[in-house]
Amino acid sequence: MRFLILVLAAVLAAMAPSQASAQAEDCENTKTCSTLAPKKSPATKPRQERPPSRCDRMWSDTRQDASITTLTSFYFECSEHNKADDALVQAVAMRCDALWDAATADGTVSALRDFVRECPDHQKAYVANASIKIDDENRKVLEAQCEGQWQQLQFTVTLDNMRLFLSHCDGTKNSKIARIYASEMETRPLFFQKVPPPSSAVPRSGLSGFNFAYADKCDRGEGGACAALAHAFREGSRAPKNNLWAFALMVRACSNNYPDACGTVADHLKYPDVVQGVVVRDFARAAIIARFGCDRGGLYACLEYAKAYEFGLGVGRNINSAVALYERSCAFGQSNGIAFGCYYAARIWQEGREGVEPDPVRAQRLVDAGLQLDPENSYLNDLSAKFD
């Protein structure tokens, strides 16, 4: 019995390898027994390096030749590249450095403004801004000083004064006109040479009543008092009749914030017989002084300036400018308007002129505005009758 058991065990031991081999073969054929044999790992391929892209090559070249041109070219052609923003920042920095060098070499405020405008975040921008601020402050002071000088020089005109003004105020807003004046005065006679300068005290001899007070106020620079006293000297009312001082005081009133007096000065320059022996006729200067007063709100000055444009007296003939200035002097019925400004403007719109088509409705409005200012004005009443 024991012998049979040993024989059976030997037989089973011999059969086990062949049975396992059969099962493995069957598993390989049917692919159902993956757990019986270990899987084979796939062979690892050798890693291949990716060739550099065109933008990579460009960036490498750009780093070698880091100019503004190459950096900006790289930025625009390779905007998706991870170094594109770096290239732009570097290009901007290089350009701003170059602009700063140019601005400091130029040394002018305009060059500094150009630098700050393009490179506000540059490390030197604060230096440029400080210089610009100082220049602006100095220029404002200079402009104010030169404007005051110019107001006086327009009425105390000499060639030496104009040259002195240009030496101090060249480049300010009135310097171009000053050059024209200087050029004219080199070949033309002086026409204000007899007029007392603004610093001269008003003569008190022969004054009576309130004219003494006007004289004091005028010497202190009150334009309205100068204008009132000018009328007194012209008419001989509580003051000795004196054409020279009548004109001189009207000039002073014009230059001291009484702009309608500028219209009277302009009128005297067009018709000097009113102040005979004081000035010579000069249409160009009359237009300039009328403009000076009109720009400062003098409606009578605007009326005289409009006449200059309508008839081409001292300026080029321009009907559009004339009618616009007439309407400004009319002020469309405001209490301080000039009735004749309404009349002249209405006449142009009623008749039509070169460049201005007739407009009866507008003309009627202007006539109505003028009659509110002066109901007895015969010119306006006659023109109004044409619309009935």
# chains A, B, ... in the order shown; residues from 1 in each chain; ligands from 1
$ residues_around --residues "Ser73 (chain A)" --least-positions-apart "4" --cutoff "10 Å" --atoms "only C-alpha atoms" --output "VMD selection string"
chain A and resid 58 62 67 to 69 77 to 79 84 87 to 88 91
$ residues_around --residues "Asp101 (chain A)" --least-positions-apart "3" --cutoff "12 Å" --atoms "only C-alpha atoms" --output "PyMOL selection string"
chain A and resi 94-98+104-107+111-112+115+124+128
$ select_by_dssp --residues "region 118-348 of chain A" --states "alpha helix (DSSP H)" --output "number ranges by chain"
A: 118, 125-153, 159-169, 175-185, 211-219, 223-235, 243-255, 260-270, 283-295, 299-311, 319-330, 339-348
$ write_last_selection --atoms "C-alpha atoms" --output "CSV table (one decimal), in the first residue's frame"
chain,number,residue,atom,x,y,z
A,118,GLU,CA,6.3,109.7,-25.1
A,125,ALA,CA,10.6,112.1,-16.5
A,126,TYR,CA,10.4,113.8,-13.1
A,127,VAL,CA,13.4,115.9,-13.9
A,128,ALA,CA,11.9,117.0,-17.2
A,129,ASN,CA,8.5,117.8,-15.6
A,130,ALA,CA,10.2,119.9,-13.0
A,131,SER,CA,12.0,121.9,-15.7
A,132,ILE,CA,8.8,122.3,-17.7
A,133,LYS,CA,6.8,123.5,-14.6
A,134,ILE,CA,9.5,126.1,-13.9
A,135,ASP,CA,9.4,127.3,-17.5
A,136,ASP,CA,5.6,127.5,-17.5
A,137,GLU,CA,5.6,129.6,-14.4
A,138,ASN,CA,8.3,131.9,-15.7
A,139,ARG,CA,6.5,132.2,-19.0
A,140,LYS,CA,3.2,133.1,-17.3
A,141,VAL,CA,5.0,135.9,-15.4
A,142,LEU,CA,6.7,137.1,-18.6
A,143,GLU,CA,3.4,137.0,-20.6
A,144,ALA,CA,1.7,139.1,-17.9
A,145,GLN,CA,4.5,141.6,-17.9
A,146,CYS,CA,4.7,141.8,-21.6
A,147,GLU,CA,0.9,142.2,-22.0
A,148,GLY,CA,1.1,145.2,-19.6
A,149,GLN,CA,3.9,146.7,-21.6
A,150,TRP,CA,2.2,146.1,-24.8
A,151,GLN,CA,-1.0,147.9,-23.7
A,152,GLN,CA,1.1,151.0,-23.0
A,153,LEU,CA,3.3,150.7,-26.1
A,159,LEU,CA,10.8,152.8,-32.7
A,160,ASP,CA,13.0,152.6,-29.7
A,161,ASN,CA,10.1,151.4,-27.5
A,162,MET,CA,9.2,148.7,-30.0
A,163,ARG,CA,12.8,147.5,-30.2
A,164,LEU,CA,13.0,147.5,-26.4
A,165,PHE,CA,9.8,145.5,-26.2
A,166,LEU,CA,11.1,142.9,-28.7
A,167,SER,CA,14.4,142.5,-26.8
A,168,HIS,CA,12.4,141.5,-23.7
A,169,CYS,CA,9.2,140.0,-25.0
A,175,SER,CA,5.9,140.1,-30.8
A,176,LYS,CA,4.8,139.6,-34.4
A,177,ILE,CA,2.8,142.8,-34.4
A,178,ALA,CA,5.6,144.6,-32.7
A,179,ARG,CA,7.9,143.5,-35.5
A,180,ILE,CA,5.4,144.9,-38.1
A,181,TYR,CA,5.2,148.2,-36.2
A,182,ALA,CA,9.0,148.5,-36.0
A,183,SER,CA,9.3,147.8,-39.7
A,184,GLU,CA,6.6,150.4,-40.5
A,185,MET,CA,8.1,153.0,-38.3
A,211,ASN,CA,-13.4,167.2,-13.2
A,212,PHE,CA,-10.9,167.6,-10.3
A,213,ALA,CA,-12.1,164.2,-9.0
A,214,TYR,CA,-11.9,162.7,-12.5
A,215,ALA,CA,-8.3,164.0,-12.8
A,216,ASP,CA,-7.3,162.3,-9.5
A,217,LYS,CA,-9.0,159.0,-10.5
A,218,CYS,CA,-7.5,159.1,-14.0
A,219,ASP,CA,-4.0,159.6,-12.6
A,223,GLY,CA,-10.2,154.3,-17.4
A,224,GLY,CA,-13.8,155.6,-17.0
A,225,ALA,CA,-12.6,158.8,-15.3
A,226,CYS,CA,-10.1,159.3,-18.1
A,227,ALA,CA,-12.8,159.0,-20.7
A,228,ALA,CA,-15.1,161.4,-19.0
A,229,LEU,CA,-12.3,163.9,-18.6
A,230,ALA,CA,-11.4,163.5,-22.3
A,231,HIS,CA,-14.9,164.6,-23.3
A,232,ALA,CA,-14.6,167.6,-21.0
A,233,PHE,CA,-11.3,168.7,-22.7
A,234,ARG,CA,-12.8,168.1,-26.1
A,235,GLU,CA,-16.0,170.0,-25.5
A,243,ASN,CA,-7.5,168.5,-28.4
A,244,LEU,CA,-4.2,167.1,-27.4
A,245,TRP,CA,-5.3,166.2,-23.9
A,246,ALA,CA,-8.7,165.1,-25.1
A,247,PHE,CA,-7.1,162.5,-27.4
A,248,ALA,CA,-4.3,161.6,-24.9
A,249,LEU,CA,-6.9,160.9,-22.1
A,250,MET,CA,-9.0,158.8,-24.5
A,251,VAL,CA,-5.9,156.7,-25.3
A,252,ARG,CA,-5.3,156.3,-21.6
A,253,ALA,CA,-8.9,155.2,-21.0
A,254,CYS,CA,-8.6,152.6,-23.8
A,255,SER,CA,-5.4,151.2,-22.2
A,260,ASP,CA,-15.2,151.5,-25.7
A,261,ALA,CA,-12.7,154.4,-25.6
A,262,CYS,CA,-10.6,152.4,-28.1
A,263,GLY,CA,-13.4,152.9,-30.6
A,264,THR,CA,-13.2,156.7,-30.1
A,265,VAL,CA,-9.4,156.5,-30.6
A,266,ALA,CA,-9.8,154.5,-33.8
A,267,ASP,CA,-12.4,157.0,-35.0
A,268,HIS,CA,-10.0,159.9,-34.4
A,269,LEU,CA,-7.3,158.1,-36.3
A,270,LYS,CA,-9.6,157.7,-39.3
A,283,PHE,CA,-6.4,153.3,-41.0
A,284,ALA,CA,-4.2,150.3,-40.2
A,285,ARG,CA,-3.5,151.5,-36.6
A,286,ALA,CA,-7.2,152.5,-36.2
A,287,ALA,CA,-8.1,148.9,-37.1
A,288,ILE,CA,-5.6,147.5,-34.6
A,289,ILE,CA,-6.8,149.7,-31.8
A,290,ALA,CA,-10.5,149.0,-32.6
A,291,ARG,CA,-9.7,145.3,-32.4
A,292,PHE,CA,-7.9,145.8,-29.1
A,293,GLY,CA,-11.0,147.3,-27.6
A,294,CYS,CA,-13.5,144.9,-29.2
A,295,ASP,CA,-11.6,141.9,-27.9
A,299,LEU,CA,-19.1,147.3,-28.3
A,300,TYR,CA,-18.4,150.7,-29.8
A,301,ALA,CA,-14.9,149.4,-30.6
A,302,CYS,CA,-16.5,146.4,-32.3
A,303,LEU,CA,-18.6,148.8,-34.4
A,304,GLU,CA,-15.4,150.6,-35.6
A,305,TYR,CA,-13.6,147.4,-36.2
A,306,ALA,CA,-16.6,146.2,-38.3
A,307,LYS,CA,-16.4,149.3,-40.4
A,308,ALA,CA,-12.8,148.6,-41.1
A,309,TYR,CA,-13.7,145.2,-42.5
A,310,GLU,CA,-16.7,146.4,-44.5
A,311,PHE,CA,-14.8,149.1,-46.3
A,319,ILE,CA,-18.1,141.3,-45.4
A,320,ASN,CA,-18.6,138.1,-43.3
A,321,SER,CA,-16.3,139.5,-40.6
A,322,ALA,CA,-18.0,142.9,-40.8
A,323,VAL,CA,-21.5,141.6,-40.3
A,324,ALA,CA,-20.4,139.4,-37.4
A,325,LEU,CA,-18.8,142.3,-35.7
A,326,TYR,CA,-21.8,144.6,-36.4
A,327,GLU,CA,-24.0,142.0,-34.7
A,328,ARG,CA,-21.7,141.8,-31.8
A,329,SER,CA,-21.9,145.6,-31.3
A,330,CYS,CA,-25.7,145.4,-31.7
A,339,ALA,CA,-28.1,150.9,-32.3
A,340,PHE,CA,-26.1,151.7,-35.4
A,341,GLY,CA,-24.4,148.2,-35.1
A,342,CYS,CA,-27.9,146.8,-35.5
A,343,TYR,CA,-28.6,149.1,-38.5
A,344,TYR,CA,-25.4,148.3,-40.4
A,345,ALA,CA,-25.8,144.5,-39.8
A,346,ALA,CA,-29.5,144.6,-40.9
A,347,ARG,CA,-28.7,146.6,-44.0
A,348,ILE,CA,-26.2,143.9,-45.1
$ atom_distance --atom1 "CA of Gly312 (chain A)" --atom2 "CA of Asp282 (chain A)"
12.8 Å
$ atom_distance --atom1 "CA of Tyr75 (chain A)" --atom2 "CA of Arg113 (chain A)"
27.4 Å
